[in-house]
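Written out below as structure tokens is the structure these notes cover.
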Amino acid sequence: MPDFLLLLRDNPADWSKLSPTQMQAAIERYIAWTQQLAERGQLVSAEKLVNDGGRHLHRGKDAPLISDGPYIEAKDVIGGFYVVRADSMAQAEAICAECPHLDFGWIELRQVDPMPAP
Amino acid sequence: MNTPSQLIDDLFRREYARLVALLARRAGAGRIDLVEDAVQDALLAALRHWPLKGMPERPSAWLFAAARNAFADRLRRSRREGFEPLPEFDAAATTIDADPAAALPHAFDDDLLRLMLYCCHPSLPAEQQLALTLRLACGLGADEIAAALFSTPPTIAQRLVRAKRRLREGGVEFELPPLDELVAQRLPVVLDALYLLFNAGYLSAEHVDAHRPDLCGDALRLAAGLASLEATATPRTQALAALLHLLAARLPARRADDGRLLRLEEQDRARWNQNLVAPGFRHFVASCRGDALTRFHIEAAIAACHARAATFADIDWDEILSHYDRLVALYPSPSAHLNRLIALRYAHGPAAALLALNASSEMDALEGQLLMHATRAEFHAANGDRALADREYRLALARVRDPQVRALLEARLA
């Protein structure tokens, strides 16, 4: 069964507009969704990323060119990711369709491509 | 992944108040905006972390640590931006670290009392006190405050700015005044604000809505909290706690499952929240000490009469009327007079109530308003005067805005 990467993308500024009540309601929805995945054995891992744009590295003349990834003015940042296990892309899509993140941002869904065995 | 447990109702709102109270006491009231931002940061951190990594075992301790860190971050940032911090800033950060009790959620403590005193400072007009209480002590966003007070978000935002500015210019601090000043001058203002808070919750509870902040519950909890602290457990505080418990206990019966408003005689008393009735009576007994007979005492006595009756037929209207007699003598107001006449109608009959209504000038200020027309209509209907009743119901309907009240009145038309 393949793994799928769910990149949680959103505009960081949008979160700060929520009231405590709205934040709690959102957390309860996310937790219910992940609990369901865990119970079905579909949740492989999940990580939050640090609230910055990270770094971009390119080959430079003498040394790698390292720049800060965009964050402060960025409208679309990856805040974290889930790795889930599903039968197919279609099932992975169905899992994403239920994810509360769609109400706050959007999800980039990528299928993990394991190296074929000989 | 942790096994998630259910977050208790209103956890984030209550944590907002607790953490603001905690940080503001140490940072000083002059930095209330920085404190609010830090607490918001902490809740946001939970919102970004918990969905991915699961809920922590002790959410309150987690949030406290996040708020402490966010506060320290913002202090450092304000220093870097050329802002010269006062020496107590560093002290503020360290006292939070040194206080292990700060990580635990408290039921109602001195910090929360200081917060209430700040929000309900006598230098603020009542509407600013209420807005600030809703923001800091109830953790409502501007949109939610606007909905609760039938106002608009920009109006509320302005009101909050003005309130905080007035407190800043007045040099008001997060502190406990001397006991006699606390009890004689400051506490009464807080109690009045909690009464208004409960009222706002009562009026804005249009439909049963899981996500609408339970302001009646907040007012009740804060009043009970004040009644639990020795310094503030005055008879008047106990009376307010009694009143709010007994009113809140009967709230679930007010509406049918479809949201329709029910008249008192139609309400299903089995829906009352019995968990609130017993504490309500306990607070009432505790309030019957000393010499002071306040408005809260009388209103609590009336609520107790209702709560004691097993059925509508068991209500002792004569006793309720005698309480209203006392109320209008001590605290005359048009609405108190009108409520007295409603009790009189049940005690002595609608004809007597109509006579009294027409003979009195005490309720002139209410003429032309929805409540007056609806009351007259009810009296005429009970008196067998269908034509006059329907005329008054129509006049009431012309002024109605709430669709549930409209439905109630339309059902009363012949």
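All residue names refer to the structure tokens as shown: chains lettered A, B, ... in order, residues numbered from 1 in each chain, ligands numbered from 1 in order.
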Select all residues from chain B having any atom no more than 6 Å from an atom of chain A (counting only C-alpha atoms, ignoring ligands), output as a PDB file with N, CA and C atoms, in the first residue's frame.
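For reference, iface.pdb as written:
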```pdb
ATOM      1  N   PHE B  12     -10.065  27.147  25.541  1.00  0.00           N
ATOM      2  CA  PHE B  12      -9.226  28.207  24.998  1.00  0.00           C
ATOM      3  C   PHE B  12      -9.667  29.578  25.487  1.00  0.00           C
ATOM      4  N   ARG B  13     -10.958  29.795  25.612  1.00  0.00           N
ATOM      5  CA  ARG B  13     -11.418  31.102  26.110  1.00  0.00           C
ATOM      6  C   ARG B  13     -10.962  31.303  27.539  1.00  0.00           C
ATOM      7  N   LEU B  47      -2.665  25.638  18.011  1.00  0.00           N
ATOM      8  CA  LEU B  47      -3.430  25.366  16.793  1.00  0.00           C
ATOM      9  C   LEU B  47      -2.545  24.791  15.693  1.00  0.00           C
ATOM     10  N   PRO B  51      -2.766  19.655  16.098  1.00  0.00           N
ATOM     11  CA  PRO B  51      -3.349  18.801  15.057  1.00  0.00           C
ATOM     12  C   PRO B  51      -2.350  17.796  14.487  1.00  0.00           C
ATOM     13  N   LEU B  52      -1.064  18.163  14.477  1.00  0.00           N
ATOM     14  CA  LEU B  52      -0.067  17.287  13.871  1.00  0.00           C
ATOM     15  C   LEU B  52       0.523  16.320  14.885  1.00  0.00           C
ATOM     16  N   GLY B 141     -13.417  37.193  20.507  1.00  0.00           N
ATOM     17  CA  GLY B 141     -12.888  38.045  19.455  1.00  0.00           C
ATOM     18  C   GLY B 141     -13.851  39.204  19.217  1.00  0.00           C
TER      19      GLY B 141
END
```
ask   = Any idea what's packed within 10 Å of Gln42 in chain A, counting only C-alpha atoms, ignoring anything in its chain fewer than 2 positions away? Could you give it as a list in words?
value =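 Counting only the stated atoms, we get Asp3, Thr34, Gln35, Gln36, Leu37, Ala38, Glu39, Arg40, Val44, Ser45, Val83, Val84, Arg85, Ala86, Asp87, Ala92 and Ile95 of chain A.
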task = Name the residues in contact with Arg255 in chain B at a cut-off of 12 Å, using only C-alpha atoms, excluding same-chain residues fewer than 4 positions from it; report them as a list in words.
result =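 Here the qualifying residues turn out to be Ala205, Glu206, His207, Val208, Arg250, Leu251, Gly259, Arg260, Leu261, Leu262, Arg263, Leu264, Glu266, Gln267, Asp268, Arg269, Arg271, Trp272, Gln404, Val405 and Leu408 of chain B.
Separating CA of Tyr331 in chain B from CA of Arg295 in chain B is a distance of 7.0 Å.
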query = Near Arg391 in chain B, within 8 Å and counting only C-alpha atoms, which residues show up once chain neighbours fewer than 4 positions away are dropped, as a VMD selection string?
reply = chain B and resid 377 387 395
request  = Write out as number ranges by chain the residues lying within 10 Å of Glu36 in chain B, counting only C-alpha atoms and excluding same-chain residues fewer than 5 positions away.
outcome  = B: 16-17, 19-21, 23-24, 31, 41-42, 67, 71, 135-136
inquiry  = So that I can see what lies close to range 123-127 of chain B, please list as a PyMOL selection string the residues with an atom at most 9 Å from it, counting only C-alpha atoms and leaving out residues fewer than 4 positions away in the same chain.
reply    = chain B and resi 119+131-132+159+163+166-167+170+189+192-193+196
Of the listed residues A:Ala97, A:Met89, A:Leu65, A:Asp14, that which approaches Asp113 in chain A most closely, counting only C-alpha atoms =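 That would be A:Met89, the residue with the smallest distance to Asp113 in chain A.
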request  = Give the strand (DSSP E) residues of chain A, as DSSP finds them on the backbone, and put them as a PyMOL selection string.
outcome  = chain A and resi 3-10+43-48+55-58+65-68+77-85+106-111
Please write the residues from the selection above to a file, keeping N, CA and C atoms, as a CSV table (one decimal), in the first residue's frame.
```csv
chain,number,residue,atom,x,y,z
A,3,ASP,N,2.4,5.1,0.3
A,3,ASP,CA,2.4,6.2,1.3
A,3,ASP,C,2.1,7.5,0.4
A,4,PHE,N,1.5,8.5,1.1
A,4,PHE,CA,1.2,9.7,0.4
A,4,PHE,C,1.6,10.9,1.4
A,5,LEU,N,2.2,11.9,0.8
A,5,LEU,CA,2.6,13.1,1.5
A,5,LEU,C,1.5,14.2,1.4
A,6,LEU,N,1.0,14.6,2.5
A,6,LEU,CA,0.0,15.7,2.5
A,6,LEU,C,0.7,17.0,3.0
A,7,LEU,N,1.0,17.9,2.1
A,7,LEU,CA,1.6,19.2,2.5
A,7,LEU,C,0.5,20.1,2.9
A,8,LEU,N,0.6,20.6,4.1
A,8,LEU,CA,-0.5,21.6,4.6
A,8,LEU,C,0.0,23.0,4.3
A,9,ARG,N,-0.7,23.6,3.3
A,9,ARG,CA,-0.3,24.9,2.9
A,9,ARG,C,-1.4,26.0,3.3
A,10,ASP,N,-0.9,27.1,3.7
A,10,ASP,CA,-1.9,28.2,4.0
A,10,ASP,C,-1.2,29.5,4.1
A,43,LEU,N,-2.5,6.5,9.4
A,43,LEU,CA,-1.6,7.6,9.7
A,43,LEU,C,-0.2,7.0,9.9
A,44,VAL,N,0.8,7.5,9.1
A,44,VAL,CA,2.2,7.1,9.2
A,44,VAL,C,3.0,8.0,10.1
A,45,SER,N,2.9,9.3,9.8
A,45,SER,CA,3.6,10.3,10.6
A,45,SER,C,3.0,11.7,10.3
A,46,ALA,N,3.4,12.6,11.2
A,46,ALA,CA,3.0,14.0,11.0
A,46,ALA,C,4.0,14.9,11.7
A,47,GLU,N,4.3,16.0,11.1
A,47,GLU,CA,5.3,17.0,11.7
A,47,GLU,C,4.9,18.4,11.4
A,48,LYS,N,5.1,19.2,12.4
A,48,LYS,CA,4.9,20.7,12.1
A,48,LYS,C,6.3,21.2,11.7
A,55,ARG,N,15.3,27.7,4.2
A,55,ARG,CA,16.4,28.2,3.4
A,55,ARG,C,16.3,27.7,2.0
A,56,HIS,N,16.7,28.5,1.1
A,56,HIS,CA,16.9,28.0,-0.3
A,56,HIS,C,18.3,28.0,-0.6
A,57,LEU,N,18.8,26.8,-1.2
A,57,LEU,CA,20.2,26.7,-1.5
A,57,LEU,C,20.4,26.4,-3.0
A,58,HIS,N,21.3,27.2,-3.5
A,58,HIS,CA,21.7,27.0,-4.9
A,58,HIS,C,23.2,26.9,-5.1
A,65,LEU,N,24.9,29.4,-2.6
A,65,LEU,CA,24.1,30.5,-2.4
A,65,LEU,C,22.9,30.1,-1.5
A,66,ILE,N,22.9,30.7,-0.3
A,66,ILE,CA,21.8,30.4,0.7
A,66,ILE,C,21.0,31.6,0.9
A,67,SER,N,19.7,31.5,0.7
A,67,SER,CA,18.8,32.6,1.0
A,67,SER,C,17.7,32.2,1.9
A,68,ASP,N,17.1,33.1,2.6
A,68,ASP,CA,15.9,32.8,3.4
A,68,ASP,C,14.7,32.5,2.5
A,77,VAL,N,2.4,29.2,2.5
A,77,VAL,CA,3.6,28.5,3.2
A,77,VAL,C,3.2,27.1,3.6
A,78,ILE,N,4.2,26.2,3.6
A,78,ILE,CA,3.9,24.9,4.1
A,78,ILE,C,4.1,24.9,5.6
A,79,GLY,N,3.1,24.7,6.4
A,79,GLY,CA,3.1,24.7,7.8
A,79,GLY,C,3.5,23.4,8.5
A,80,GLY,N,3.2,22.3,7.7
A,80,GLY,CA,3.4,21.0,8.3
A,80,GLY,C,3.0,20.0,7.3
A,81,PHE,N,3.2,18.7,7.7
A,81,PHE,CA,2.7,17.7,6.7
A,81,PHE,C,2.3,16.4,7.5
A,82,TYR,N,1.4,15.6,6.8
A,82,TYR,CA,1.1,14.3,7.3
A,82,TYR,C,1.6,13.3,6.2
A,83,VAL,N,2.0,12.1,6.7
A,83,VAL,CA,2.2,11.0,5.7
A,83,VAL,C,1.2,10.0,6.1
A,84,VAL,N,0.4,9.6,5.0
A,84,VAL,CA,-0.7,8.7,5.3
A,84,VAL,C,-0.5,7.5,4.3
A,85,ARG,N,-1.2,6.4,4.7
A,85,ARG,CA,-1.1,5.2,3.9
A,85,ARG,C,-2.5,5.0,3.3
A,106,TRP,N,-4.9,25.0,1.8
A,106,TRP,CA,-5.1,24.0,0.9
A,106,TRP,C,-4.0,22.9,1.1
A,107,ILE,N,-4.2,21.7,0.4
A,107,ILE,CA,-3.3,20.5,0.6
A,107,ILE,C,-2.7,20.2,-0.7
A,108,GLU,N,-1.4,20.0,-0.6
A,108,GLU,CA,-0.7,19.5,-1.8
A,108,GLU,C,-0.4,18.0,-1.5
A,109,LEU,N,-1.0,17.2,-2.4
A,109,LEU,CA,-0.9,15.7,-2.2
A,109,LEU,C,0.0,15.1,-3.2
A,110,ARG,N,1.1,14.4,-2.6
A,110,ARG,CA,2.1,13.7,-3.5
A,110,ARG,C,2.2,12.3,-3.1
A,111,GLN,N,2.3,11.4,-4.1
A,111,GLN,CA,2.4,10.0,-3.8
A,111,GLN,C,3.9,9.6,-3.7
```
